[in-house]
Amino acid sequence: MPPADTRASVVTMRSGASALSSLTSPSSSADDNKLVPGGPGYRRTSFALFAAGVATFALLYSTQALLPAISDDLGVTPDQASWTVSAATGALALAVVPLSALSERFGRRTMMTASLCVAAFVSLLVPLAPGLGWLVALRAVQGAALAGLPASAMAYLSEEVRAKALVGAIGLFVAGNSLGGMIGRILAGWVAQAWGWRAGLAAVGVLAVICAVTFRALIPKARHFTPTAVSPRDLARTVAGHLSDPLLRRLYMIGALFMTVFGAVYTVIGYRLAEAPFSLPQGVVGSIFLIYLVGTASSAAAGKLVGRLGRRGALYLAVSTTTAGLLLTLTTSLTAVLAGLVLITAGFFAGHAVASSSVSRAAKTGRAQASALYQTAYYLGSSVGGTLGAVAYHYAGWDGAVVLGMAAMIGAASITLYATRMALVERRRIPASA
């Protein structure tokens, strides 16, 4: 939902943009009335959603870099502390589809504003949590509230921005996602090193409040939104149809497995780097998340990889890169561990980009719901990976976390291999039937 944390929402936006461009042309009167680059409304919208993206992912993973400090202060184990991350991502995963339906009734702008305001308010309460139970509960509420952002941003942009200008608006929103996820972890880490983990979370909360106020002040009123009655029966029928599609199920599973690795690695890497033989201070551990910038490049390169290797070929390469990174982190050299994290990050983002972009391509109807389901699988993978990775680390050290990651990559490779085999069988069948 992790910068990485961000590509699932992009899929939903792109599917909306595709549907819009197929219904209208730049010369149509409806499209002419929409926001365009250079106009004040477009700039306000772009910066508003940039601020929303920063707040969303800064809050979602705010405790991830602080887990060792939380464990020490509250006297809890890594697997117990990891629930402060898993509760937020898990709640977001469960709330994405329902909130996407509510945005159809109450409006995208209203939903995004409410989500940010509730999440920002809760962020000011999180540092005051007296114990782990309250901390996990508040983080779950925060994650559920944040689900309104990815559920509504795509629809707002596709309705308010001219079709040919959507790419730029989406790009700035994604940049906010990436920077928010990275800045939140780094800010929390350095503040925590000086004043403790509660101060680190409070700093992220203040950042979120500033972003929420900025978003509300800048976001223009929706001019092209038409309320639609929410039909739980139709929504359930669409969701059931997507879940019965074998191709979509495979893509959901691949996304979840890649995120399982990513969630496990970045949830417990702080523990490993804070302990011997590395013994890095909290601020430096938080700065490790600068490696996320590698994901921006690998995501952008995913399109070229697909063009050269095909979708399954790109997935094989992503699995291989992630696996090589996992193995490299088993060494006791800090340089090798950092290089391994670079490979894991690059492989994850590439695999996630390929799988998520394939969802809207595979879904024939209800593409927004198909993408929302991918987000559900994606963030459930993050939640499960973070929790299981912490359990593995608690009982078997870093080797246990790597074994979990390797198992997930074997699963992703097996699914891709099955798809390759099915494609070969289909190719042989077509000439025979002809």
# chains A, B, ... in the order shown; residues from 1 in each chain; ligands from 1
>>> residues_around(residues="Gly107 of chain A", least_positions_apart="6", cutoff="12 Å", atoms="only C-alpha atoms", output="VMD selection string")
chain A and resid 99 to 101 113 to 114 148 to 149 151 to 153 155 to 156 159 221 to 230
>>> write_last_selection(atoms="N, CA, C and O atoms", output="short mmCIF file (atom, residue, chain, number, x, y, z; two decimals), in the first residue's frame")
data_model
loop_
_atom_site.label_atom_id
_atom_site.label_comp_id
_atom_site.auth_asym_id
_atom_site.auth_seq_id
_atom_site.Cartn_x
_atom_site.Cartn_y
_atom_site.Cartn_z
N LEU A 99 -14.61 0.94 0.81
CA LEU A 99 -14.50 2.39 0.69
C LEU A 99 -14.53 2.85 -0.76
O LEU A 99 -14.99 3.96 -1.06
N SER A 100 -14.08 2.00 -1.67
CA SER A 100 -14.18 2.35 -3.09
C SER A 100 -15.66 2.44 -3.50
O SER A 100 -16.03 3.27 -4.33
N ALA A 101 -16.49 1.60 -2.89
CA ALA A 101 -17.93 1.65 -3.18
C ALA A 101 -18.57 2.89 -2.54
O ALA A 101 -19.41 3.54 -3.15
N THR A 113 -10.84 13.49 1.81
CA THR A 113 -10.70 14.44 2.93
C THR A 113 -10.96 13.75 4.26
O THR A 113 -10.19 13.92 5.23
N ALA A 114 -12.04 12.97 4.32
CA ALA A 114 -12.37 12.27 5.56
C ALA A 114 -11.28 11.28 5.95
O ALA A 114 -10.90 11.18 7.13
N GLY A 148 -9.27 4.92 2.21
CA GLY A 148 -10.09 5.80 1.39
C GLY A 148 -9.32 6.56 0.34
O GLY A 148 -9.91 7.04 -0.63
N LEU A 149 -8.00 6.69 0.52
CA LEU A 149 -7.20 7.43 -0.46
C LEU A 149 -7.03 6.68 -1.77
O LEU A 149 -7.46 7.16 -2.83
N ALA A 151 -8.66 4.25 -2.77
CA ALA A 151 -9.98 3.88 -3.26
C ALA A 151 -10.64 5.01 -4.05
O ALA A 151 -11.54 4.78 -4.84
N SER A 152 -10.20 6.25 -3.82
CA SER A 152 -10.88 7.40 -4.43
C SER A 152 -10.02 8.22 -5.39
O SER A 152 -10.56 8.92 -6.25
N ALA A 153 -8.71 8.18 -5.23
CA ALA A 153 -7.84 9.06 -6.02
C ALA A 153 -7.97 8.82 -7.52
O ALA A 153 -8.03 9.76 -8.32
N ALA A 155 -10.49 7.58 -9.27
CA ALA A 155 -11.76 8.05 -9.80
C ALA A 155 -11.79 9.57 -9.90
O ALA A 155 -12.28 10.13 -10.88
N TYR A 156 -11.25 10.24 -8.89
CA TYR A 156 -11.24 11.71 -8.91
C TYR A 156 -10.43 12.22 -10.10
O TYR A 156 -10.89 13.12 -10.84
N GLU A 159 -12.12 11.64 -13.49
CA GLU A 159 -13.31 12.46 -13.70
C GLU A 159 -12.99 13.94 -13.88
O GLU A 159 -13.70 14.64 -14.60
N LYS A 221 -13.08 21.61 -5.91
CA LYS A 221 -14.35 20.90 -5.83
C LYS A 221 -14.56 20.06 -7.09
O LYS A 221 -14.18 20.48 -8.18
N ALA A 222 -15.15 18.89 -6.91
CA ALA A 222 -15.42 18.03 -8.07
C ALA A 222 -16.51 18.66 -8.94
O ALA A 222 -17.55 19.08 -8.43
N ARG A 223 -16.24 18.73 -10.23
CA ARG A 223 -17.21 19.32 -11.16
C ARG A 223 -17.87 18.27 -12.05
O ARG A 223 -18.85 18.56 -12.73
N HIS A 224 -17.34 17.07 -12.05
CA HIS A 224 -17.85 16.05 -12.98
C HIS A 224 -18.30 14.77 -12.26
O HIS A 224 -18.50 13.75 -12.90
N PHE A 225 -18.43 14.85 -10.95
CA PHE A 225 -18.85 13.67 -10.19
C PHE A 225 -20.37 13.55 -10.17
O PHE A 225 -21.09 14.53 -9.94
N THR A 226 -20.85 12.35 -10.42
CA THR A 226 -22.28 12.06 -10.34
C THR A 226 -22.49 10.94 -9.33
O THR A 226 -21.99 9.82 -9.53
N PRO A 227 -23.19 11.21 -8.23
CA PRO A 227 -23.39 10.16 -7.21
C PRO A 227 -24.09 8.94 -7.80
O PRO A 227 -24.99 9.06 -8.64
N THR A 228 -23.67 7.79 -7.36
CA THR A 228 -24.25 6.53 -7.80
C THR A 228 -24.64 5.71 -6.58
O THR A 228 -23.87 5.62 -5.63
N ALA A 229 -25.82 5.16 -6.62
CA ALA A 229 -26.27 4.34 -5.50
C ALA A 229 -25.38 3.13 -5.32
O ALA A 229 -25.00 2.48 -6.29
N VAL A 230 -25.01 2.86 -4.08
CA VAL A 230 -24.16 1.71 -3.78
C VAL A 230 -25.03 0.45 -3.74
O VAL A 230 -25.99 0.38 -2.99
#
>>> select_by_dssp(residues="segment 222-257 of chain A", states="helix (DSSP H, G or I)", output="PyMOL selection string")
chain A and resi 232-243+246-257
>>> atom_distance(atom1="atom CA of Leu417 of chain A", atom2="atom CA of Ala362 of chain A")
18.1 Å
>>> residues_around(residues="Gly340 of chain A", least_positions_apart="2", cutoff="12 Å", atoms="only C-alpha atoms", output="compact mmCIF listing (two decimals) with C-alpha atoms, in the first residue's frame")
# COMPACT_ATOMS: atom_id res chain seq x y z
CA VAL A 265 12.65 -8.07 4.84
CA ILE A 269 16.04 -5.58 8.72
CA ILE A 291 17.18 2.26 -1.00
CA THR A 321 16.85 -10.75 -8.79
CA THR A 322 14.92 -10.88 -5.52
CA THR A 323 16.26 -14.36 -4.75
CA ALA A 324 19.85 -13.29 -5.42
CA GLY A 325 19.37 -10.35 -3.08
CA LEU A 326 18.02 -12.58 -0.32
CA LEU A 327 21.05 -14.87 -0.57
CA LEU A 328 23.44 -11.93 -0.56
CA THR A 329 22.03 -10.61 2.72
CA LEU A 330 23.11 -13.81 4.48
CA THR A 331 26.71 -12.53 4.63
CA THR A 332 28.16 -10.53 7.54
CA SER A 333 29.47 -7.75 5.29
CA LEU A 334 27.47 -4.54 5.56
CA THR A 335 28.29 -3.69 1.95
CA ALA A 336 27.01 -7.07 0.79
CA VAL A 337 23.85 -6.74 2.88
CA LEU A 338 23.11 -3.31 1.42
CA VAL A 342 19.15 -3.11 -3.47
CA LEU A 343 18.54 -6.30 -5.45
CA ILE A 344 15.53 -7.27 -3.33
CA THR A 345 14.03 -3.81 -3.77
CA ALA A 346 14.66 -3.73 -7.52
CA GLY A 347 13.25 -7.23 -8.00
CA VAL A 402 15.45 -15.36 4.31
>>> closest_residue(among="A:Ala51, A:Gly386, A:Ala423, A:Ser356", to="Ala212 of chain A", atoms="only C-alpha atoms")
A:Ala51
>>> residues_around(residues="Leu135 of chain A", least_positions_apart="2", cutoff="10 Å", atoms="only C-alpha atoms", output="PDB file with C-alpha atoms, in the first residue's frame")
ATOM      1  CA  ALA A  81       6.138  -5.379  17.668  1.00  0.00           C
ATOM      2  CA  TRP A  83       1.848  -6.059  14.545  1.00  0.00           C
ATOM      3  CA  THR A  84       2.148  -2.264  14.623  1.00  0.00           C
ATOM      4  CA  ALA A  87      -2.368  -4.136  11.704  1.00  0.00           C
ATOM      5  CA  LEU A 125      -2.967   9.727  19.474  1.00  0.00           C
ATOM      6  CA  VAL A 126      -0.603   6.915  18.452  1.00  0.00           C
ATOM      7  CA  PRO A 127       2.437   8.273  20.377  1.00  0.00           C
ATOM      8  CA  LEU A 128       0.290   8.359  23.543  1.00  0.00           C
ATOM      9  CA  ALA A 129      -0.568   4.643  23.433  1.00  0.00           C
ATOM     10  CA  PRO A 130       0.144   3.227  26.914  1.00  0.00           C
ATOM     11  CA  GLY A 131       1.041  -0.239  25.661  1.00  0.00           C
ATOM     12  CA  LEU A 132       1.342  -2.515  22.662  1.00  0.00           C
ATOM     13  CA  GLY A 133      -2.357  -3.405  22.565  1.00  0.00           C
ATOM     14  CA  ALA A 137      -5.476  -0.968  17.783  1.00  0.00           C
ATOM     15  CA  LEU A 138      -4.810   2.666  16.861  1.00  0.00           C
ATOM     16  CA  ARG A 139      -2.638   1.581  13.941  1.00  0.00           C
ATOM     17  CA  ALA A 140      -5.465  -0.632  12.665  1.00  0.00           C
TER      18      ALA A 140
END
>>> closest_residue(among="A:Leu424, A:Val206, A:Ile186, A:Ala217", to="Ile288 of chain A", atoms="only C-alpha atoms")
A:Ile186
>>> residues_around(residues="Ala188 of chain A", least_positions_apart="3", cutoff="7 Å", atoms="only C-alpha atoms", output="ChimeraX atom specification")
/A:62,184-185,191-192,200-201,203-204
>>> write_last_selection(atoms="all heavy atoms", output="tab-separated table (two decimals), in the first residue's frame")
chain	number	residue	atom	x	y	z
A	62	SER	N	4.93	4.09	9.31
A	62	SER	CA	5.69	4.95	10.22
A	62	SER	C	6.41	4.18	11.31
A	62	SER	O	7.47	4.61	11.79
A	62	SER	CB	4.77	6.00	10.84
A	62	SER	OG	3.70	5.38	11.53
A	184	GLY	N	8.75	9.28	5.76
A	184	GLY	CA	8.18	8.90	7.05
A	184	GLY	C	9.11	8.02	7.86
A	184	GLY	O	9.31	8.24	9.07
A	185	ARG	N	9.73	7.05	7.20
A	185	ARG	CA	10.64	6.14	7.91
A	185	ARG	C	11.91	6.87	8.36
A	185	ARG	O	12.40	6.68	9.47
A	185	ARG	CB	10.99	4.98	6.99
A	185	ARG	CG	9.82	4.04	6.70
A	185	ARG	CD	10.22	3.14	5.53
A	185	ARG	NE	9.29	2.05	5.29
A	185	ARG	CZ	8.33	2.08	4.39
A	185	ARG	NH1	8.14	3.18	3.68
A	185	ARG	NH2	7.56	1.03	4.19
A	191	VAL	N	14.44	11.29	14.41
A	191	VAL	CA	13.84	11.91	15.59
A	191	VAL	C	13.88	10.94	16.77
A	191	VAL	O	14.17	11.33	17.90
A	191	VAL	CB	12.39	12.36	15.29
A	191	VAL	CG1	11.71	12.84	16.57
A	191	VAL	CG2	12.38	13.47	14.25
A	192	ALA	N	13.60	9.66	16.48
A	192	ALA	CA	13.62	8.65	17.54
A	192	ALA	C	15.01	8.50	18.14
A	192	ALA	O	15.15	8.25	19.36
A	192	ALA	CB	13.14	7.31	17.00
A	200	GLY	N	9.36	10.18	17.50
A	200	GLY	CA	9.45	9.89	16.07
A	200	GLY	C	8.08	9.77	15.43
A	200	GLY	O	7.84	10.32	14.35
A	201	LEU	N	7.17	9.06	16.10
A	201	LEU	CA	5.81	8.92	15.58
A	201	LEU	C	5.07	10.25	15.62
A	201	LEU	O	4.28	10.56	14.73
A	201	LEU	CB	5.05	7.87	16.38
A	201	LEU	CG	5.50	6.42	16.19
A	201	LEU	CD1	4.65	5.49	17.06
A	201	LEU	CD2	5.39	6.00	14.74
A	203	ALA	N	6.41	13.17	15.21
A	203	ALA	CA	6.91	13.97	14.09
A	203	ALA	C	6.21	13.59	12.79
A	203	ALA	O	5.84	14.46	11.99
A	203	ALA	CB	8.43	13.78	13.95
A	204	VAL	N	6.01	12.30	12.58
A	204	VAL	CA	5.29	11.85	11.39
A	204	VAL	C	3.84	12.32	11.45
A	204	VAL	O	3.24	12.70	10.44
A	204	VAL	CB	5.35	10.31	11.25
A	204	VAL	CG1	4.51	9.84	10.07
A	204	VAL	CG2	6.79	9.87	11.06
>>> closest_residue(among="A:Leu92, A:Ala264, A:Ala377, A:Ala355", to="Tyr393 of chain A", atoms="only C-alpha atoms")
A:Ala264
>>> residues_around(residues="Ala147 of chain A", least_positions_apart="4", cutoff="10 Å", atoms="only C-alpha atoms", output="JSON, numbers by chain")
{"A": [1, 56, 60, 88, 89, 91, 92, 93, 94, 95, 96, 97, 98, 99, 100, 111, 112, 115, 116, 119, 142, 143, 151, 152, 375, 376]}
>>> closest_residue(among="A:Pro220, A:Leu251, A:Ala65, A:Gly196", to="Ala363 of chain A", atoms="only C-alpha atoms")
A:Leu251
>>> atom_distance(atom1="atom CA of Ala408 of chain A", atom2="atom CA of Ser298 of chain A")
20.1 Å
>>> closest_residue(among="A:Gly180, A:Gly286, A:Gly397, A:Gly263", to="Val85 of chain A", atoms="only C-alpha atoms")
A:Gly263
>>> closest_residue(among="A:Gly41, A:Gly400, A:Gly303, A:Pro281", to="Leu218 of chain A", atoms="only C-alpha atoms")
A:Gly41
>>> atom_distance(atom1="atom CA of Arg44 of chain A", atom2="atom CA of Val209 of chain A")
18.1 Å
>>> residues_around(residues="Gly90 of chain A", least_positions_apart="6", cutoff="7 Å", atoms="only C-alpha atoms", output="PyMOL selection string")
chain A and resi 379-380+383
>>> write_last_selection(atoms="C-alpha atoms", output="PDB file, in the first residue's frame")
ATOM      1  CA  TYR A 379      -1.446  -5.299   1.452  1.00  0.00           C
ATOM      2  CA  LEU A 380      -2.474  -8.641   2.923  1.00  0.00           C
ATOM      3  CA  SER A 383       0.697  -7.788   6.629  1.00  0.00           C
TER       4      SER A 383
END
